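So this one's input_0.pdb, PDB, C-alpha atoms:
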ATOM      1  CA  MET A  26     -21.619  12.973 -21.176  1.00  0.00           C
ATOM      2  CA  LYS A  27     -23.143  11.104 -18.257  1.00  0.00           C
ATOM      3  CA  CYS A  28     -22.386   7.372 -18.107  1.00  0.00           C
ATOM      4  CA  LYS A  29     -23.863   4.245 -16.584  1.00  0.00           C
ATOM      5  CA  ILE A  30     -21.080   2.664 -14.558  1.00  0.00           C
ATOM      6  CA  GLY A  31     -20.768  -0.760 -12.975  1.00  0.00           C
ATOM      7  CA  PHE A  32     -18.243  -1.776 -10.340  1.00  0.00           C
ATOM      8  CA  ILE A  33     -16.597  -5.097  -9.651  1.00  0.00           C
ATOM      9  CA  GLY A  34     -15.195  -4.723  -6.163  1.00  0.00           C
ATOM     10  CA  SER A  35     -16.459  -2.770  -3.176  1.00  0.00           C
ATOM     11  CA  GLY A  36     -13.260  -1.775  -1.408  1.00  0.00           C
ATOM     12  CA  ASN A  37     -11.653   1.596  -0.804  1.00  0.00           C
ATOM     13  CA  VAL A  38     -11.047   2.475  -4.470  1.00  0.00           C
ATOM     14  CA  ALA A  39     -14.574   1.531  -5.554  1.00  0.00           C
ATOM     15  CA  TRP A  40     -16.067   3.374  -2.576  1.00  0.00           C
ATOM     16  CA  HIS A  41     -14.357   6.676  -3.398  1.00  0.00           C
ATOM     17  CA  LEU A  42     -14.718   6.495  -7.182  1.00  0.00           C
ATOM     18  CA  ALA A  43     -18.393   5.560  -7.012  1.00  0.00           C
ATOM     19  CA  HIS A  44     -19.219   8.439  -4.674  1.00  0.00           C
ATOM     20  CA  ALA A  45     -17.258  10.921  -6.788  1.00  0.00           C
ATOM     21  CA  MET A  46     -18.917   9.764 -10.021  1.00  0.00           C
ATOM     22  CA  ASP A  47     -22.392   9.778  -8.529  1.00  0.00           C
ATOM     23  CA  LEU A  48     -21.840  13.288  -7.213  1.00  0.00           C
ATOM     24  CA  VAL A  49     -21.260  14.685 -10.727  1.00  0.00           C
ATOM     25  CA  GLY A  50     -24.230  12.902 -12.280  1.00  0.00           C
ATOM     26  CA  HIS A  51     -23.003   9.529 -13.517  1.00  0.00           C
ATOM     27  CA  THR A  52     -25.276   6.588 -12.688  1.00  0.00           C
ATOM     28  CA  ILE A  53     -23.913   3.723 -10.623  1.00  0.00           C
ATOM     29  CA  VAL A  54     -25.925   0.773 -11.929  1.00  0.00           C
ATOM     30  CA  GLN A  55     -24.343  -2.237 -10.249  1.00  0.00           C
ATOM     31  CA  VAL A  56     -21.835  -3.314  -7.609  1.00  0.00           C
ATOM     32  CA  ILE A  57     -20.508  -6.854  -7.545  1.00  0.00           C
ATOM     33  CA  SER A  58     -18.293  -8.063  -4.737  1.00  0.00           C
ATOM     34  CA  ARG A  59     -17.258 -11.485  -3.461  1.00  0.00           C
ATOM     35  CA  THR A  60     -18.876 -10.454  -0.157  1.00  0.00           C
ATOM     36  CA  GLU A  61     -22.580  -9.766  -0.739  1.00  0.00           C
ATOM     37  CA  LYS A  62     -22.908  -7.502   2.302  1.00  0.00           C
ATOM     38  CA  ASN A  63     -20.102  -5.266   1.053  1.00  0.00           C
ATOM     39  CA  ALA A  64     -21.712  -5.090  -2.376  1.00  0.00           C
ATOM     40  CA  PHE A  65     -25.064  -4.203  -0.782  1.00  0.00           C
ATOM     41  CA  ASP A  66     -23.555  -1.555   1.524  1.00  0.00           C
ATOM     42  CA  LEU A  67     -22.044   0.310  -1.418  1.00  0.00           C
ATOM     43  CA  ALA A  68     -24.844  -0.250  -3.925  1.00  0.00           C
ATOM     44  CA  LYS A  69     -27.630   0.924  -1.603  1.00  0.00           C
ATOM     45  CA  ARG A  70     -26.119   4.411  -1.507  1.00  0.00           C
ATOM     46  CA  PHE A  71     -26.945   4.812  -5.187  1.00  0.00           C
ATOM     47  CA  GLY A  72     -30.018   2.632  -5.596  1.00  0.00           C
ATOM     48  CA  ALA A  73     -27.880   0.239  -7.647  1.00  0.00           C
ATOM     49  CA  HIS A  74     -28.176  -3.510  -8.072  1.00  0.00           C
ATOM     50  CA  HIS A  75     -25.780  -5.655  -6.097  1.00  0.00           C
ATOM     51  CA  SER A  76     -24.565  -9.231  -6.191  1.00  0.00           C
ATOM     52  CA  ASP A  77     -21.754 -11.533  -5.075  1.00  0.00           C
ATOM     53  CA  LYS A  78     -21.867 -13.436  -8.388  1.00  0.00           C
ATOM     54  CA  LEU A  79     -19.985 -12.356 -11.495  1.00  0.00           C
ATOM     55  CA  SER A  80     -22.456 -14.355 -13.565  1.00  0.00           C
ATOM     56  CA  SER A  81     -25.028 -11.637 -12.850  1.00  0.00           C
ATOM     57  CA  ILE A  82     -22.910  -8.872 -14.336  1.00  0.00           C
ATOM     58  CA  ASP A  83     -24.803  -6.236 -16.344  1.00  0.00           C
ATOM     59  CA  LEU A  84     -22.822  -5.655 -19.530  1.00  0.00           C
ATOM     60  CA  THR A  85     -25.247  -3.049 -20.847  1.00  0.00           C
ATOM     61  CA  CYS A  86     -23.525  -0.368 -18.770  1.00  0.00           C
ATOM     62  CA  ASP A  87     -21.254   2.129 -20.521  1.00  0.00           C
ATOM     63  CA  VAL A  88     -18.202   1.370 -18.391  1.00  0.00           C
ATOM     64  CA  LEU A  89     -17.306  -1.495 -16.090  1.00  0.00           C
ATOM     65  CA  LEU A  90     -14.583  -0.690 -13.561  1.00  0.00           C
ATOM     66  CA  ILE A  91     -12.677  -3.553 -11.976  1.00  0.00           C
ATOM     67  CA  CYS A  92     -11.628  -2.354  -8.528  1.00  0.00           C
ATOM     68  CA  VAL A  93     -10.036  -5.455  -7.023  1.00  0.00           C
ATOM     69  CA  SER A  94      -6.561  -6.267  -5.747  1.00  0.00           C
ATOM     70  CA  ASP A  95      -3.823  -6.619  -8.350  1.00  0.00           C
ATOM     71  CA  ASP A  96      -3.555 -10.385  -8.011  1.00  0.00           C
ATOM     72  CA  ALA A  97      -7.338 -10.893  -8.323  1.00  0.00           C
ATOM     73  CA  ILE A  98      -7.753  -9.320 -11.775  1.00  0.00           C
ATOM     74  CA  HIS A  99      -6.978 -12.497 -13.730  1.00  0.00           C
ATOM     75  CA  ASN A 100      -9.580 -14.461 -11.772  1.00  0.00           C
ATOM     76  CA  VAL A 101     -12.226 -11.802 -12.441  1.00  0.00           C
ATOM     77  CA  ILE A 102     -11.461 -11.566 -16.150  1.00  0.00           C
ATOM     78  CA  ALA A 103     -11.556 -15.352 -16.508  1.00  0.00           C
ATOM     79  CA  GLN A 104     -15.196 -15.343 -15.361  1.00  0.00           C
ATOM     80  CA  LEU A 105     -16.449 -12.583 -17.673  1.00  0.00           C
ATOM     81  CA  PRO A 106     -18.053 -13.366 -21.037  1.00  0.00           C
ATOM     82  CA  GLN A 107     -16.907 -11.805 -24.298  1.00  0.00           C
ATOM     83  CA  ASN A 108     -18.539  -8.404 -24.738  1.00  0.00           C
ATOM     84  CA  LYS A 109     -18.067  -4.907 -26.164  1.00  0.00           C
ATOM     85  CA  CYS A 110     -18.527  -2.954 -22.953  1.00  0.00           C
ATOM     86  CA  ILE A 111     -15.712  -0.627 -21.927  1.00  0.00           C
ATOM     87  CA  ILE A 112     -13.845  -2.546 -19.239  1.00  0.00           C
ATOM     88  CA  ALA A 113     -11.048  -0.939 -17.246  1.00  0.00           C
ATOM     89  CA  HIS A 114      -9.064  -1.969 -14.208  1.00  0.00           C
ATOM     90  CA  THR A 115      -7.886   0.498 -11.569  1.00  0.00           C
ATOM     91  CA  CYS A 116      -4.505  -0.987 -10.637  1.00  0.00           C
ATOM     92  CA  GLY A 117      -1.188   0.796 -10.847  1.00  0.00           C
ATOM     93  CA  SER A 118       1.051  -2.220 -11.250  1.00  0.00           C
ATOM     94  CA  ARG A 119      -0.915  -4.287 -13.778  1.00  0.00           C
ATOM     95  CA  PRO A 120      -0.648  -3.797 -17.568  1.00  0.00           C
ATOM     96  CA  ILE A 121      -3.559  -2.957 -19.826  1.00  0.00           C
ATOM     97  CA  GLU A 122      -3.286  -6.420 -21.371  1.00  0.00           C
ATOM     98  CA  ASP A 123      -4.797  -7.901 -18.210  1.00  0.00           C
ATOM     99  CA  VAL A 124      -8.250  -6.810 -19.395  1.00  0.00           C
ATOM    100  CA  ALA A 125      -7.709  -7.234 -23.134  1.00  0.00           C
ATOM    101  CA  THR A 126      -9.181 -10.719 -23.537  1.00  0.00           C
ATOM    102  CA  VAL A 127     -12.864 -10.008 -22.871  1.00  0.00           C
ATOM    103  CA  SER A 128     -13.518  -6.787 -24.779  1.00  0.00           C
ATOM    104  CA  PRO A 129     -11.877  -4.859 -27.631  1.00  0.00           C
ATOM    105  CA  ASN A 130     -12.749  -1.736 -25.645  1.00  0.00           C
ATOM    106  CA  HIS A 131     -10.525  -1.947 -22.606  1.00  0.00           C
ATOM    107  CA  GLY A 132      -8.327   0.310 -20.552  1.00  0.00           C
ATOM    108  CA  VAL A 133      -6.936   1.453 -17.228  1.00  0.00           C
ATOM    109  CA  PHE A 134      -8.430   4.050 -14.875  1.00  0.00           C
ATOM    110  CA  TYR A 135      -5.822   4.372 -12.111  1.00  0.00           C
ATOM    111  CA  PRO A 136      -6.270   6.863  -9.246  1.00  0.00           C
ATOM    112  CA  LEU A 137      -2.842   7.537  -7.755  1.00  0.00           C
ATOM    113  CA  GLN A 138      -3.955   8.064  -4.186  1.00  0.00           C
ATOM    114  CA  THR A 139      -4.252   6.197  -0.909  1.00  0.00           C
ATOM    115  CA  PHE A 140      -7.880   5.617   0.075  1.00  0.00           C
ATOM    116  CA  SER A 141      -9.624   4.554   3.272  1.00  0.00           C
ATOM    117  CA  LYS A 142     -13.375   4.146   3.616  1.00  0.00           C
ATOM    118  CA  GLY A 143     -14.943   6.969   5.575  1.00  0.00           C
ATOM    119  CA  THR A 144     -11.921   9.261   5.114  1.00  0.00           C
ATOM    120  CA  LYS A 145     -12.641  12.203   2.848  1.00  0.00           C
ATOM    121  CA  VAL A 146     -10.367  12.747  -0.145  1.00  0.00           C
ATOM    122  CA  ASP A 147     -10.551  15.739  -2.479  1.00  0.00           C
ATOM    123  CA  MET A 148     -10.992  13.814  -5.715  1.00  0.00           C
ATOM    124  CA  LEU A 149     -10.463  16.971  -7.765  1.00  0.00           C
ATOM    125  CA  LYS A 150      -6.781  16.811  -6.739  1.00  0.00           C
ATOM    126  CA  VAL A 151      -6.299  13.065  -7.263  1.00  0.00           C
ATOM    127  CA  PRO A 152      -4.157  12.208 -10.316  1.00  0.00           C
ATOM    128  CA  LEU A 153      -6.009   9.840 -12.639  1.00  0.00           C
ATOM    129  CA  LEU A 154      -3.706   7.930 -15.010  1.00  0.00           C
ATOM    130  CA  LEU A 155      -5.478   6.605 -18.103  1.00  0.00           C
ATOM    131  CA  GLU A 156      -4.696   4.123 -20.867  1.00  0.00           C
ATOM    132  CA  ALA A 157      -7.024   2.684 -23.484  1.00  0.00           C
ATOM    133  CA  SER A 158      -7.084   0.220 -26.370  1.00  0.00           C
ATOM    134  CA  ASN A 159      -8.523   2.729 -28.850  1.00  0.00           C
ATOM    135  CA  ASN A 160      -9.328   6.422 -29.175  1.00  0.00           C
ATOM    136  CA  LYS A 161     -13.072   6.067 -28.556  1.00  0.00           C
ATOM    137  CA  THR A 162     -12.499   4.136 -25.340  1.00  0.00           C
ATOM    138  CA  TYR A 163      -9.935   6.675 -24.188  1.00  0.00           C
ATOM    139  CA  GLN A 164     -12.338   9.517 -24.893  1.00  0.00           C
ATOM    140  CA  VAL A 165     -15.040   7.982 -22.686  1.00  0.00           C
ATOM    141  CA  LEU A 166     -12.624   7.253 -19.841  1.00  0.00           C
ATOM    142  CA  ASP A 167     -11.139  10.734 -20.191  1.00  0.00           C
ATOM    143  CA  GLU A 168     -14.548  12.417 -19.994  1.00  0.00           C
ATOM    144  CA  ILE A 169     -15.402  10.490 -16.835  1.00  0.00           C
ATOM    145  CA  ALA A 170     -12.004  11.281 -15.337  1.00  0.00           C
ATOM    146  CA  ASP A 171     -12.296  14.981 -16.207  1.00  0.00           C
ATOM    147  CA  SER A 172     -15.671  15.116 -14.499  1.00  0.00           C
ATOM    148  CA  ILE A 173     -14.213  14.108 -11.115  1.00  0.00           C
ATOM    149  CA  SER A 174     -10.569  15.275 -11.215  1.00  0.00           C
ATOM    150  CA  ASN A 175      -8.556  18.279 -12.359  1.00  0.00           C
ATOM    151  CA  ASN A 176      -5.439  16.140 -12.745  1.00  0.00           C
ATOM    152  CA  VAL A 177      -5.927  13.635 -15.581  1.00  0.00           C
ATOM    153  CA  ARG A 178      -2.950  12.197 -17.454  1.00  0.00           C
ATOM    154  CA  ARG A 179      -2.262   9.623 -20.134  1.00  0.00           C
ATOM    155  CA  ALA A 180       0.219   6.973 -18.953  1.00  0.00           C
ATOM    156  CA  ASN A 181       1.166   3.683 -20.569  1.00  0.00           C
ATOM    157  CA  SER A 182       1.626   0.496 -18.567  1.00  0.00           C
ATOM    158  CA  LYS A 183       5.373   0.992 -18.011  1.00  0.00           C
ATOM    159  CA  GLU A 184       4.962   4.611 -16.926  1.00  0.00           C
ATOM    160  CA  ARG A 185       2.101   3.687 -14.608  1.00  0.00           C
ATOM    161  CA  LEU A 186       4.200   0.964 -12.964  1.00  0.00           C
ATOM    162  CA  GLN A 187       6.996   3.488 -12.451  1.00  0.00           C
ATOM    163  CA  TYR A 188       4.569   5.932 -10.830  1.00  0.00           C
ATOM    164  CA  HIS A 189       3.271   3.069  -8.680  1.00  0.00           C
ATOM    165  CA  LEU A 190       6.764   2.195  -7.452  1.00  0.00           C
ATOM    166  CA  ALA A 191       7.501   5.837  -6.655  1.00  0.00           C
ATOM    167  CA  ALA A 192       4.199   6.036  -4.758  1.00  0.00           C
ATOM    168  CA  VAL A 193       5.205   3.026  -2.652  1.00  0.00           C
ATOM    169  CA  PHE A 194       8.317   4.914  -1.539  1.00  0.00           C
ATOM    170  CA  ALA A 195       6.431   8.169  -0.978  1.00  0.00           C
ATOM    171  CA  ASN A 196       3.389   6.681   0.744  1.00  0.00           C
ATOM    172  CA  ASN A 197       3.723   3.093   1.965  1.00  0.00           C
ATOM    173  CA  PHE A 198       7.345   3.285   3.069  1.00  0.00           C
ATOM    174  CA  ALA A 199       6.901   6.777   4.521  1.00  0.00           C
ATOM    175  CA  ASN A 200       3.906   5.553   6.532  1.00  0.00           C
ATOM    176  CA  HIS A 201       5.980   2.593   7.728  1.00  0.00           C
ATOM    177  CA  MET A 202       8.462   5.123   9.119  1.00  0.00           C
ATOM    178  CA  PHE A 203       5.584   6.764  11.000  1.00  0.00           C
ATOM    179  CA  GLU A 204       4.715   3.318  12.361  1.00  0.00           C
ATOM    180  CA  LYS A 205       8.315   2.789  13.489  1.00  0.00           C
ATOM    181  CA  ALA A 206       8.309   6.166  15.229  1.00  0.00           C
ATOM    182  CA  HIS A 207       4.980   5.371  16.915  1.00  0.00           C
ATOM    183  CA  GLN A 208       6.260   1.994  18.086  1.00  0.00           C
ATOM    184  CA  PHE A 209       9.486   3.441  19.498  1.00  0.00           C
ATOM    185  CA  LEU A 210       7.690   6.181  21.418  1.00  0.00           C
ATOM    186  CA  SER A 211       5.046   3.785  22.741  1.00  0.00           C
ATOM    187  CA  GLU A 212       7.738   1.432  24.009  1.00  0.00           C
ATOM    188  CA  ASN A 213       9.191   4.368  25.932  1.00  0.00           C
ATOM    189  CA  GLN A 214       5.818   5.625  27.198  1.00  0.00           C
ATOM    190  CA  LEU A 215       6.017   8.776  25.074  1.00  0.00           C
ATOM    191  CA  ASP A 216       3.304  10.523  23.057  1.00  0.00           C
ATOM    192  CA  PHE A 217       3.264  10.161  19.249  1.00  0.00           C
ATOM    193  CA  ASP A 218       1.036  13.248  19.004  1.00  0.00           C
ATOM    194  CA  VAL A 219       4.154  15.371  19.594  1.00  0.00           C
ATOM    195  CA  LEU A 220       5.345  14.304  16.114  1.00  0.00           C
ATOM    196  CA  ARG A 221       2.184  15.171  14.202  1.00  0.00           C
ATOM    197  CA  PRO A 222       3.187  18.823  13.528  1.00  0.00           C
ATOM    198  CA  ILE A 223       6.577  17.827  12.089  1.00  0.00           C
ATOM    199  CA  ILE A 224       4.937  15.178   9.917  1.00  0.00           C
ATOM    200  CA  LEU A 225       2.549  17.804   8.510  1.00  0.00           C
ATOM    201  CA  GLU A 226       5.387  20.283   7.965  1.00  0.00           C
ATOM    202  CA  THR A 227       7.462  17.670   6.137  1.00  0.00           C
ATOM    203  CA  ALA A 228       4.560  16.998   3.783  1.00  0.00           C
ATOM    204  CA  ARG A 229       3.930  20.720   3.334  1.00  0.00           C
ATOM    205  CA  LYS A 230       7.538  21.493   2.424  1.00  0.00           C
ATOM    206  CA  VAL A 231       7.672  19.027  -0.460  1.00  0.00           C
ATOM    207  CA  GLN A 232       4.712  20.833  -2.009  1.00  0.00           C
ATOM    208  CA  GLN A 233       7.035  23.823  -2.431  1.00  0.00           C
ATOM    209  CA  LEU A 234      10.554  22.358  -2.565  1.00  0.00           C
ATOM    210  CA  SER A 235      12.120  19.273  -4.084  1.00  0.00           C
ATOM    211  CA  PRO A 236      12.629  16.466  -1.527  1.00  0.00           C
ATOM    212  CA  SER A 237      16.382  16.982  -1.839  1.00  0.00           C
ATOM    213  CA  GLU A 238      16.057  20.675  -0.979  1.00  0.00           C
ATOM    214  CA  ALA A 239      13.784  19.907   1.972  1.00  0.00           C
ATOM    215  CA  GLN A 240      16.041  17.210   3.475  1.00  0.00           C
ATOM    216  CA  THR A 241      17.454  17.905   6.935  1.00  0.00           C
ATOM    217  CA  GLY A 242      18.674  15.818   9.881  1.00  0.00           C
ATOM    218  CA  PRO A 243      21.850  14.405  11.428  1.00  0.00           C
ATOM    219  CA  ALA A 244      22.653  11.991   8.590  1.00  0.00           C
ATOM    220  CA  LYS A 245      22.325  14.793   6.023  1.00  0.00           C
ATOM    221  CA  ARG A 246      24.632  17.001   8.134  1.00  0.00           C
ATOM    222  CA  GLY A 247      27.105  14.214   8.859  1.00  0.00           C
ATOM    223  CA  ASP A 248      26.546  14.620  12.624  1.00  0.00           C
ATOM    224  CA  THR A 249      28.322  11.437  13.746  1.00  0.00           C
ATOM    225  CA  GLU A 250      27.901  12.141  17.463  1.00  0.00           C
ATOM    226  CA  THR A 251      24.104  12.327  17.234  1.00  0.00           C
ATOM    227  CA  LEU A 252      23.985   9.275  14.961  1.00  0.00           C
ATOM    228  CA  ALA A 253      25.950   7.308  17.560  1.00  0.00           C
ATOM    229  CA  LYS A 254      23.547   8.347  20.334  1.00  0.00           C
ATOM    230  CA  HIS A 255      20.583   7.247  18.236  1.00  0.00           C
ATOM    231  CA  ARG A 256      22.200   3.880  17.551  1.00  0.00           C
ATOM    232  CA  ASP A 257      22.745   3.371  21.285  1.00  0.00           C
ATOM    233  CA  LEU A 258      18.999   3.788  21.821  1.00  0.00           C
ATOM    234  CA  LEU A 259      18.290   1.063  19.262  1.00  0.00           C
ATOM    235  CA  THR A 260      20.761  -1.600  20.395  1.00  0.00           C
ATOM    236  CA  GLU A 261      17.967  -3.864  21.659  1.00  0.00           C
ATOM    237  CA  ASN A 262      16.034  -3.697  18.394  1.00  0.00           C
ATOM    238  CA  LYS A 263      18.329  -5.038  15.700  1.00  0.00           C
ATOM    239  CA  ASN A 264      15.812  -4.775  12.855  1.00  0.00           C
ATOM    240  CA  THR A 265      15.093  -1.112  13.517  1.00  0.00           C
ATOM    241  CA  LEU A 266      18.802  -0.403  14.021  1.00  0.00           C
ATOM    242  CA  GLN A 267      19.565  -2.016  10.683  1.00  0.00           C
ATOM    243  CA  LEU A 268      16.905   0.116   9.027  1.00  0.00           C
ATOM    244  CA  TYR A 269      18.253   3.257  10.727  1.00  0.00           C
ATOM    245  CA  ASN A 270      21.777   2.498   9.505  1.00  0.00           C
ATOM    246  CA  LEU A 271      20.607   1.761   5.966  1.00  0.00           C
ATOM    247  CA  LEU A 272      18.630   4.989   5.683  1.00  0.00           C
ATOM    248  CA  SER A 273      21.376   7.060   7.321  1.00  0.00           C
ATOM    249  CA  GLU A 274      23.933   5.659   4.909  1.00  0.00           C
ATOM    250  CA  SER A 275      21.655   6.418   1.960  1.00  0.00           C
ATOM    251  CA  LEU A 276      21.208  10.021   3.140  1.00  0.00           C
ATOM    252  CA  ASN A 277      24.905  10.455   3.806  1.00  0.00           C
ATOM    253  CA  LYS A 278      25.793   9.453   0.236  1.00  0.00           C
ATOM    254  CA  LYS A 279      23.674  12.174  -1.327  1.00  0.00           C
TER     255      LYS A 279
END
What's the structure tokens form of this structure?
Amino acid sequence: MKCKIGFIGSGNVAWHLAHAMDLVGHTIVQVISRTEKNAFDLAKRFGAHHSDKLSSIDLTCDVLLICVSDDAIHNVIAQLPQNKCIIAHTCGSRPIEDVATVSPNHGVFYPLQTFSKGTKVDMLKVPLLLEASNNKTYQVLDEIADSISNNVRRANSKERLQYHLAAVFANNFANHMFEKAHQFLSENQLDFDVLRPIILETARKVQQLSPSEAQTGPAKRGDTETLAKHRDLLTENKNTLQLYNLLSESLNKK
């Protein structure tokens, strides 16, 4: 089944989902964004209508995907009229009830992936976590999801929030560690590129082993001499030293 799909939001999630859906034959009919230029830039790729006004929303589409930040969903929903269109948000941390007030046919279409515009992502490998208010709505969302991904799962609001929290540790916090490493090397006029192979190998290993099995390093080994040397290097940066001690202690307790 090929669907007519509208988007509210024109950010990274909307950009990647719209391109993936268009590629398999769904029709992108409209993009609405608070910034008209952003709406136009995305919509023009598909010959779709665009607008910066929610009042111009086309509710004749099969599915309306709300791809805005978590804290903006309530404001969007408050401006939509009552309708029977399938309306789904794409957030990991927000419950299905956030979109329940405007349509009996509502759900969640959450891609568990980090997206950046212009950076290619293999959507076939992206987990899509779905929830819906009724079986017919779920079936439509599931068919769309199956058309762009080989990893589609049903997840209720609590389970999705738990996945979201785990993803913050695995992605956001891990990337923050990369940032800390980059900052430390830059401050010492050293090249971050030297670390790129070990970063790739770390990610590769957890595709084959559990994180616990893949864990190495001085804290894991209980190498107190090396830990002390590292702490000496961080004496002038108390925040980073505190973080180093916290993480080392957490590793040492395992």
On this structure, which residues satisfy the PyMOL selection byres ((chain A and resi 52) around 7), written as a compact mmCIF listing (two decimals) with C-alpha atoms, in the frame of the given file?
# COMPACT_ATOMS: atom_id res chain seq x y z
CA CYS A 28 -22.39 7.37 -18.11
CA LYS A 29 -23.86 4.24 -16.58
CA ILE A 30 -21.08 2.66 -14.56
CA ASP A 47 -22.39 9.78 -8.53
CA GLY A 50 -24.23 12.90 -12.28
CA HIS A 51 -23.00 9.53 -13.52
CA ILE A 53 -23.91 3.72 -10.62
CA VAL A 54 -25.92 0.77 -11.93
(request) Can you give me, as a PyMOL selection string, the residues this file yields under the PyMOL selection byres ((chain A and resi 270) around 12)? (result) chain A and resi 244+249+252-253+255-257+259-260+263-269+271-277
(message) Using only C-alpha atoms for the distances, tell me which of A:Lys142, A:His114, A:Lys109, A:Arg221 is nearest to Trp40 in chain A.
(response) A:Lys142
Please provide the set of residues having any atom within 9 Å of Ser35 in chain A, restricted to only C-alpha atoms, with same-chain residues fewer than 3 positions apart removed, written as a short mmCIF file (atom, residue, chain, number, x, y, z; two decimals) with C-alpha atoms, in the frame of the given file.
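File produced: selection37.cif:
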data_model
loop_
_atom_site.label_atom_id
_atom_site.label_comp_id
_atom_site.auth_asym_id
_atom_site.auth_seq_id
_atom_site.Cartn_x
_atom_site.Cartn_y
_atom_site.Cartn_z
CA PHE A 32 -18.24 -1.78 -10.34
CA VAL A 38 -11.05 2.48 -4.47
CA ALA A 39 -14.57 1.53 -5.55
CA TRP A 40 -16.07 3.37 -2.58
CA VAL A 56 -21.84 -3.31 -7.61
CA ILE A 57 -20.51 -6.85 -7.54
CA SER A 58 -18.29 -8.06 -4.74
CA ARG A 59 -17.26 -11.48 -3.46
CA THR A 60 -18.88 -10.45 -0.16
CA ASN A 63 -20.10 -5.27 1.05
CA ALA A 64 -21.71 -5.09 -2.38
CA ASP A 66 -23.56 -1.56 1.52
CA LEU A 67 -22.04 0.31 -1.42
CA ALA A 68 -24.84 -0.25 -3.92
CA CYS A 92 -11.63 -2.35 -8.53
CA VAL A 93 -10.04 -5.46 -7.02
#
On this structure, which residues satisfy the PyMOL selection byres ((chain A and resi 105) around 8), written as a PDB file with C-alpha atoms, keeping the file's coordinate frame?
ATOM      1  CA  LEU A  79     -19.985 -12.356 -11.495  1.00  0.00           C
ATOM      2  CA  SER A  80     -22.456 -14.355 -13.565  1.00  0.00           C
ATOM      3  CA  VAL A 101     -12.226 -11.802 -12.441  1.00  0.00           C
ATOM      4  CA  ILE A 102     -11.461 -11.566 -16.150  1.00  0.00           C
ATOM      5  CA  ALA A 103     -11.556 -15.352 -16.508  1.00  0.00           C
ATOM      6  CA  GLN A 104     -15.196 -15.343 -15.361  1.00  0.00           C
ATOM      7  CA  PRO A 106     -18.053 -13.366 -21.037  1.00  0.00           C
ATOM      8  CA  GLN A 107     -16.907 -11.805 -24.298  1.00  0.00           C
ATOM      9  CA  VAL A 127     -12.864 -10.008 -22.871  1.00  0.00           C
TER      10      VAL A 127
END
Please, what is the axis-aligned box for every listed atom of range 168-182 of chain A with 5 Å on each side, as centre and edge lengths in Å to one decimal, as lines of an AutoDock Vina configuration file?
center_x = -7.0
center_y = 9.4
center_z = -15.8
size_x = 27.3
size_y = 27.8
size_z = 19.5
(request) Could you jot down the CA of Asn175 in chain A to CA of Val151 in chain A separation for me, Å, one decimal place? (result) 7.6 Å
(request) Do a neighbour search on Ala113 in chain A at 7 Å with all atoms listed in the file, toss out local chain neighbours closer than 4 positions, and write the hits as a VMD selection string. (result) chain A and resid 89 to 91 124 131 to 134
Can those selected residues be exported to a file as a compact mmCIF listing (two decimals), in the coordinates of the input so that it contains C-alpha atoms?
# COMPACT_ATOMS: atom_id res chain seq x y z
CA LEU A 89 -17.31 -1.50 -16.09
CA LEU A 90 -14.58 -0.69 -13.56
CA ILE A 91 -12.68 -3.55 -11.98
CA VAL A 124 -8.25 -6.81 -19.40
CA HIS A 131 -10.52 -1.95 -22.61
CA GLY A 132 -8.33 0.31 -20.55
CA VAL A 133 -6.94 1.45 -17.23
CA PHE A 134 -8.43 4.05 -14.88
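Relative to CA of Ile33 in chain A, CA of Arg70 in chain A is found at 15.7 Å.
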